[in-house]
Amino acid sequence: MGLLITLKKGERAKIKKVSGNSTLRQRLLKMGLVPGELIEVERVAPLGDPIDVLIKDYHLSLRKEEARCIEIE
Amino acid sequence: MKEITICLAGNPNSGKTTVFNNLTGARQKVGNWPGVTVEKKEGEFEYNGVRIRVVDLPGTYSLTAYSIDERIARDFLIKENPDVVVPIVDASNLERNLYLVTELLELGANVVIDLNMMDMVGSKGWEMDVSGLSQVLGVPVVPTVANKKQGMELLKETILEAAKKRSTPLKIDYGKDIEDAISGLVRIISQYRGSANVLSSRWLAIKLLEKDPQIEGLILSLTDEHKILDKATEVAKRLEGLLGEDLETYLIERRYGFLSGLTKEFVKKKAALEERLTISDRVDKIVLNRWLGIPIFLFFMWLTFKLVFTVGGPFADYIDSFFGWLGETAKNLLGENWFSSLLSDGIIAGVGSVLVFLPNIMILFLAIGFLEDCGYMARAAFVMDRFMHALGLHGKSFIPMVLGFGCNIPGIMAARTLETRKDRILTILINPFMSCSARLPIYVLFAGAFFPKHAGFVIFSMYVLGIIVAIATGRLFKSLFFRGEVAPLIMELPPYRMPTIRGTLIHMWERSSVFLKKAGTIILGGVVLVWLLSSIPPGVEYASKESLIGRLGSFLAPLFKPAGFGFWQAAVALIFGILAKEVVVGTLGTLYGVEEKGLGSVLAKYFTPISAFSFMVMSLLYIPCIASIGVIKAETNSWKWTSLAVGWSLIVGWTMAVLFYQFGRIFA
């Protein structure tokens, strides 16, 4: 239980809930970040932000701002 | 001949452009979608005696009303109702790619799925049951490898078949409560609908439950009564109470739930998530490495810059000298008269000043096209985003800014790589403040003449000032015109791929020809206009004090007095500078009747070091050159943004010049 942002590089977790305003939430959901899905933090950008996550079968980059909206189990 | 219209839809990086190129070959038209800056591509091909018109929809992940690209795609599907819609699906990233397909099916489109990149599926060690997928989805599925041109004939054949008869696509089951609500709404909607509308009632009902503003408007246009909308709101509220979350979220989850089941059934993945270290991942271990990421990025920037200006430069010089020679020759042949002057100083010079950019622009588009298509552009944005985000911009804005130091034209055109309108417009509008190489001769002249010991520092300060003004302008415009527009970074990092030579070349030519057509006319028009101002009334010496432009200069001169250069020659030079900034130097030489070598000492009679500095500030900031203006118009597709760029830079340029002069006088 926590936020995606607390995961370290290489760690994996199941998505529990996506919060945030409705436009952002729906964009994230449509990209496949749906509850129950496994998400892995692949790396952090050289300047510390954004992060690169592995979701479904692809890599997605998110700013930490957005990653804060993703709750994990 | 029988004619049908099809359109290609698909996620970015699904190989859609390659499929489009394969289908249509060289027969393509590029334009803009009505009223927006998004590129619209159309082409056609013939198959079995049928002419098939192909429209390439913007690459999107879904079909909502919330982003320009998605709205364009959706509007096209709703209004034009193409005979067949072909979603290009990246088979190696099946689940997320199919999300868009579920929306297309729901919309009631006549779908033929192109299951592309099948070679990647094999190399990942997956097994895919294509006919099983096709059966469950209820539409034809054609496996292809577009960049090797495999499966294209079958795709054409299937499209043609599908155009004859519609298949019955699947309906995703949203569960009893929601299905009841949908059928309830469908009943009411069907009472009001005219026969002309082809949209699926089920889709309308779902969109109403999702509170889609565009569809609510559409329903109101069918009937004045709010009965349908009221009913939808009421039902949605009840369902949301029942589900404990908002309906839109729930529906997306259901669609993905369906897709997840579908892929589990028809795709056998051998390796688990963590064991699939692909080549792409290995490359990223280096390219996005904590320590190497930025040096590698800077290297690519340097390489692009070098290619565009060092390789393109000599060609640009050849074109420049060719048109110079052509103008001279025309004058020699025709003698000195107004016609030969119009021909050489106006038209030939004008055409020359369009074509002179072509080598740089073609190389630029070759370079960024390659970076985009191979997948590096997204990485560049990933690496630079933090820095650019702090400036209120997007990671991808960095490349246009850097290119601006060479020339603002490619800089502004490179803003095409940005996805959101906000980022694109902001990046375009601040680009002219990046001090381009054409301004350097002005700095060299003035700094050399007035600050011989500190010339380097003075010139450097111009670059810094430009960057500061660009950042301040970006922040200001963002808060003025794009307030509250959230632009999150949700960007796919696609697997690296080798771009096809043909695709890259087609892309380069399309973009370059947009420059020629759209910006070219404005540039040519501007050059001819300045020629006219310099040549009337008839009989005056070209650009002399008595010519219209000279009089305009005299008229404007008092305005520049507070900035320290209130004489007509300076004003005329600045007007000529709009043609191309480096022309300022030559014009001053002509007006003071000296060669460039002696110009420094003559200028000392008119300028002080302080007014020289303020003149440099003015030259840096005031009005972008005519070619930049043309490109801003072509790229924003709006005179409003173009006039803002011109007006704002003039105000900032003048104000800063005055400030530097006045404060300079106090402190000196």
# chains A, B, ... in the order shown; residues from 1 in each chain; ligands from 1
$ interface_residues --of "chain A" --to "chain B" --cutoff "8 Å" --atoms "only C-alpha atoms" --output "PyMOL selection string"
chain A and resi 23-26+28-32+34-35+44-50+56-63+66
$ select_by_dssp --residues "stretch 268-477 of chain B" --states "alpha helix (DSSP H)" --output "PyMOL selection string"
chain B and resi 279-287+293-306+312-334+338-341+349-355+358-374+376-390+398-406+408-414+421-430+440-450+455-477
$ residues_around --residues "B:Thr500" --least-positions-apart "6" --cutoff "9 Å" --atoms "only C-alpha atoms" --output "short mmCIF file (atom, residue, chain, number, x, y, z; two decimals) with N, CA and C atoms, in the first residue's frame"
data_model
loop_
_atom_site.label_atom_id
_atom_site.label_comp_id
_atom_site.auth_asym_id
_atom_site.auth_seq_id
_atom_site.Cartn_x
_atom_site.Cartn_y
_atom_site.Cartn_z
N THR B 18 4.17 4.11 -42.12
CA THR B 18 4.76 3.16 -43.06
C THR B 18 3.67 2.46 -43.87
N ASN B 147 7.17 -2.47 -42.49
CA ASN B 147 8.46 -1.95 -42.96
C ASN B 147 9.20 -2.95 -43.85
N ASP B 373 11.76 8.83 -36.00
CA ASP B 373 11.37 7.51 -36.46
C ASP B 373 12.14 6.39 -35.77
#
$ select_by_dssp --residues "chain A" --states "strand (DSSP E)" --output "PyMOL selection string"
chain A and resi 2-3+12-18+38-44+51-55+58-62+70-72
$ residues_around --residues "A:Thr6" --least-positions-apart "2" --cutoff "12 Å" --atoms "only C-alpha atoms" --output "MDAnalysis selection string"
chainID A and resid 1:4 8:13 40:41 51 64 67:73
$ write_last_selection --atoms "N, CA and C atoms" --output "short mmCIF file (atom, residue, chain, number, x, y, z; two decimals), in the first residue's frame"
data_model
loop_
_atom_site.label_atom_id
_atom_site.label_comp_id
_atom_site.auth_asym_id
_atom_site.auth_seq_id
_atom_site.Cartn_x
_atom_site.Cartn_y
_atom_site.Cartn_z
N MET A 1 0.84 -1.20 0.00
CA MET A 1 0.00 0.00 0.00
C MET A 1 0.87 1.25 0.00
N GLY A 2 0.70 2.09 -0.98
CA GLY A 2 1.48 3.31 -1.05
C GLY A 2 1.34 3.95 -2.41
N LEU A 3 2.29 4.77 -2.76
CA LEU A 3 2.23 5.45 -4.04
C LEU A 3 3.33 4.91 -4.96
N LEU A 4 3.08 5.00 -6.25
CA LEU A 4 4.06 4.54 -7.24
C LEU A 4 5.40 5.23 -7.02
N LYS A 8 11.30 2.00 -5.78
CA LYS A 8 12.66 2.29 -6.24
C LYS A 8 12.85 1.66 -7.61
N LYS A 9 13.94 2.04 -8.25
CA LYS A 9 14.28 1.51 -9.55
C LYS A 9 14.30 -0.02 -9.51
N GLY A 10 13.59 -0.64 -10.46
CA GLY A 10 13.58 -2.09 -10.54
C GLY A 10 12.49 -2.74 -9.71
N GLU A 11 11.76 -1.96 -8.91
CA GLU A 11 10.71 -2.55 -8.07
C GLU A 11 9.38 -2.59 -8.83
N ARG A 12 8.57 -3.59 -8.43
CA ARG A 12 7.30 -3.81 -9.11
C ARG A 12 6.17 -3.80 -8.12
N ALA A 13 4.96 -3.41 -8.58
CA ALA A 13 3.79 -3.50 -7.71
C ALA A 13 2.55 -3.53 -8.58
N GLU A 40 6.20 -1.51 -13.19
CA GLU A 40 7.57 -1.58 -12.70
C GLU A 40 8.30 -0.28 -13.02
N VAL A 41 9.02 0.23 -12.02
CA VAL A 41 9.82 1.42 -12.27
C VAL A 41 11.12 0.98 -12.91
N ILE A 51 10.16 9.64 -14.69
CA ILE A 51 10.53 8.24 -14.52
C ILE A 51 10.04 7.43 -15.72
N LYS A 64 7.06 12.86 -11.99
CA LYS A 64 6.72 12.43 -10.63
C LYS A 64 5.37 13.00 -10.21
N ALA A 67 3.05 10.55 -11.38
CA ALA A 67 3.23 9.28 -10.67
C ALA A 67 2.62 9.34 -9.27
N ARG A 68 2.49 10.56 -8.75
CA ARG A 68 1.89 10.72 -7.42
C ARG A 68 0.41 10.34 -7.41
N CYS A 69 -0.20 10.33 -8.60
CA CYS A 69 -1.63 10.01 -8.68
C CYS A 69 -1.87 8.50 -8.69
N ILE A 70 -0.79 7.73 -8.71
CA ILE A 70 -0.98 6.29 -8.86
C ILE A 70 -0.71 5.57 -7.54
N GLU A 71 -1.77 4.98 -7.01
CA GLU A 71 -1.63 4.23 -5.76
C GLU A 71 -1.35 2.77 -6.08
N ILE A 72 -0.49 2.17 -5.25
CA ILE A 72 -0.14 0.77 -5.50
C ILE A 72 -0.43 -0.08 -4.27
N GLU A 73 -0.50 -1.37 -4.51
CA GLU A 73 -0.74 -2.28 -3.39
C GLU A 73 0.57 -2.74 -2.79
#
$ atom_distance --atom1 "atom CA of B:Phe446" --atom2 "atom CA of B:Gln662"
18.5 Å
$ atom_distance --atom1 "atom CA of B:Lys597" --atom2 "atom CA of B:Ala447"
14.0 Å
$ residues_around --residues "B:Val514" --least-positions-apart "2" --cutoff "10 Å" --atoms "only C-alpha atoms" --output "MDAnalysis selection string"
chainID B and resid 30:31 509:512 516:520 631 634:635
$ closest_residue --among "A:Glu65, A:Arg43, A:Arg27, A:Gly36" --to "A:Leu7" --atoms "only C-alpha atoms"
A:Arg43
$ residues_around --residues "stretch 406-415 of chain B" --least-positions-apart "4" --cutoff "10 Å" --atoms "only C-alpha atoms" --output "PDB file with C-alpha atoms, in the first residue's frame"
ATOM      1  CA  PHE B 305      23.358  21.341 -35.423  1.00  0.00           C
ATOM      2  CA  LYS B 306      26.562  20.481 -37.217  1.00  0.00           C
ATOM      3  CA  VAL B 308      22.170  21.374 -40.519  1.00  0.00           C
ATOM      4  CA  PHE B 309      24.540  24.309 -40.556  1.00  0.00           C
ATOM      5  CA  PHE B 357      16.979  28.129 -46.545  1.00  0.00           C
ATOM      6  CA  LEU B 358      16.144  24.950 -48.402  1.00  0.00           C
ATOM      7  CA  ASN B 360      19.384  23.649 -44.128  1.00  0.00           C
ATOM      8  CA  ILE B 361      15.717  22.836 -43.870  1.00  0.00           C
ATOM      9  CA  MET B 362      15.975  19.608 -45.828  1.00  0.00           C
ATOM     10  CA  ILE B 363      18.876  18.394 -43.727  1.00  0.00           C
ATOM     11  CA  LEU B 364      17.081  19.436 -40.570  1.00  0.00           C
ATOM     12  CA  PHE B 365      14.011  17.444 -41.481  1.00  0.00           C
ATOM     13  CA  ILE B 368      14.817  15.107 -36.905  1.00  0.00           C
ATOM     14  CA  GLY B 369      12.783  12.707 -39.017  1.00  0.00           C
ATOM     15  CA  LYS B 396      10.935  18.198 -26.713  1.00  0.00           C
ATOM     16  CA  SER B 397      11.160  22.011 -26.848  1.00  0.00           C
ATOM     17  CA  PHE B 398      14.888  21.801 -26.325  1.00  0.00           C
ATOM     18  CA  ILE B 399      15.718  20.854 -29.884  1.00  0.00           C
ATOM     19  CA  PRO B 400      13.864  23.794 -31.493  1.00  0.00           C
ATOM     20  CA  MET B 401      15.562  26.155 -29.043  1.00  0.00           C
ATOM     21  CA  VAL B 402      19.051  24.886 -29.867  1.00  0.00           C
ATOM     22  CA  GLU B 419       2.256  17.051 -29.429  1.00  0.00           C
ATOM     23  CA  ASP B 423       3.727  23.472 -26.177  1.00  0.00           C
ATOM     24  CA  ARG B 424       3.923  23.892 -29.931  1.00  0.00           C
ATOM     25  CA  ILE B 425       2.695  27.493 -29.963  1.00  0.00           C
ATOM     26  CA  LEU B 426       4.851  28.550 -27.003  1.00  0.00           C
ATOM     27  CA  THR B 427       7.953  26.952 -28.503  1.00  0.00           C
ATOM     28  CA  ILE B 428       7.298  28.706 -31.808  1.00  0.00           C
ATOM     29  CA  LEU B 429       6.644  32.101 -30.247  1.00  0.00           C
ATOM     30  CA  ILE B 430       9.792  32.213 -28.136  1.00  0.00           C
ATOM     31  CA  ASN B 431      12.069  30.847 -30.830  1.00  0.00           C
ATOM     32  CA  PRO B 432      12.818  34.181 -32.565  1.00  0.00           C
ATOM     33  CA  PHE B 433      14.491  35.377 -29.352  1.00  0.00           C
ATOM     34  CA  MET B 434      17.135  32.702 -29.686  1.00  0.00           C
ATOM     35  CA  SER B 435      19.907  34.702 -31.275  1.00  0.00           C
ATOM     36  CA  CYS B 436      20.360  33.238 -34.742  1.00  0.00           C
ATOM     37  CA  SER B 437      23.605  33.285 -36.693  1.00  0.00           C
ATOM     38  CA  ALA B 438      22.310  36.027 -39.008  1.00  0.00           C
ATOM     39  CA  ARG B 439      22.435  38.465 -36.099  1.00  0.00           C
ATOM     40  CA  ARG B 511       7.780  19.026 -44.649  1.00  0.00           C
ATOM     41  CA  SER B 512      10.193  20.938 -46.873  1.00  0.00           C
ATOM     42  CA  PHE B 515       8.004  25.496 -46.141  1.00  0.00           C
ATOM     43  CA  ALA B 519       6.338  30.359 -45.931  1.00  0.00           C
ATOM     44  CA  PRO B 624      11.567  38.349 -36.489  1.00  0.00           C
ATOM     45  CA  CYS B 625      12.888  38.311 -40.049  1.00  0.00           C
ATOM     46  CA  ALA B 627      11.219  34.263 -43.296  1.00  0.00           C
ATOM     47  CA  SER B 628      10.555  33.610 -39.600  1.00  0.00           C
ATOM     48  CA  ILE B 629       7.261  35.458 -39.859  1.00  0.00           C
ATOM     49  CA  GLY B 630       6.321  33.338 -42.859  1.00  0.00           C
ATOM     50  CA  VAL B 631       7.190  30.157 -41.048  1.00  0.00           C
ATOM     51  CA  ILE B 632       5.357  31.219 -37.886  1.00  0.00           C
ATOM     52  CA  ALA B 634       2.670  28.504 -41.809  1.00  0.00           C
ATOM     53  CA  GLU B 635       3.219  26.549 -38.604  1.00  0.00           C
ATOM     54  CA  THR B 636       0.618  28.170 -36.342  1.00  0.00           C
TER      55      THR B 636
END
$ closest_residue --among "B:Arg665, B:Lys478, B:Lys227, B:His507" --to "B:Gln28" --atoms "only C-alpha atoms"
B:His507
$ atom_distance --atom1 "atom CA of B:Gly125" --atom2 "atom CA of B:Asn13"
20.9 Å
$ closest_residue --among "B:Arg282, B:Pro359, B:Met120, B:Ala455" --to "B:Gly313" --atoms "only C-alpha atoms"
B:Pro359
$ residues_around --residues "B:Ala65" --least-positions-apart "5" --cutoff "7 Å" --atoms "only C-alpha atoms" --output "list of chain:residue names"
B:Glu70, B:Arg71, B:Gln214
$ write_last_selection --atoms "C-alpha atoms" --output "PDB file, in the first residue's frame"
ATOM      1  CA  GLU B  70      -8.285  12.826 -30.966  1.00  0.00           C
ATOM      2  CA  ARG B  71     -11.072  15.236 -31.766  1.00  0.00           C
ATOM      3  CA  GLN B 214     -19.337  17.179 -27.729  1.00  0.00           C
TER       4      GLN B 214
END
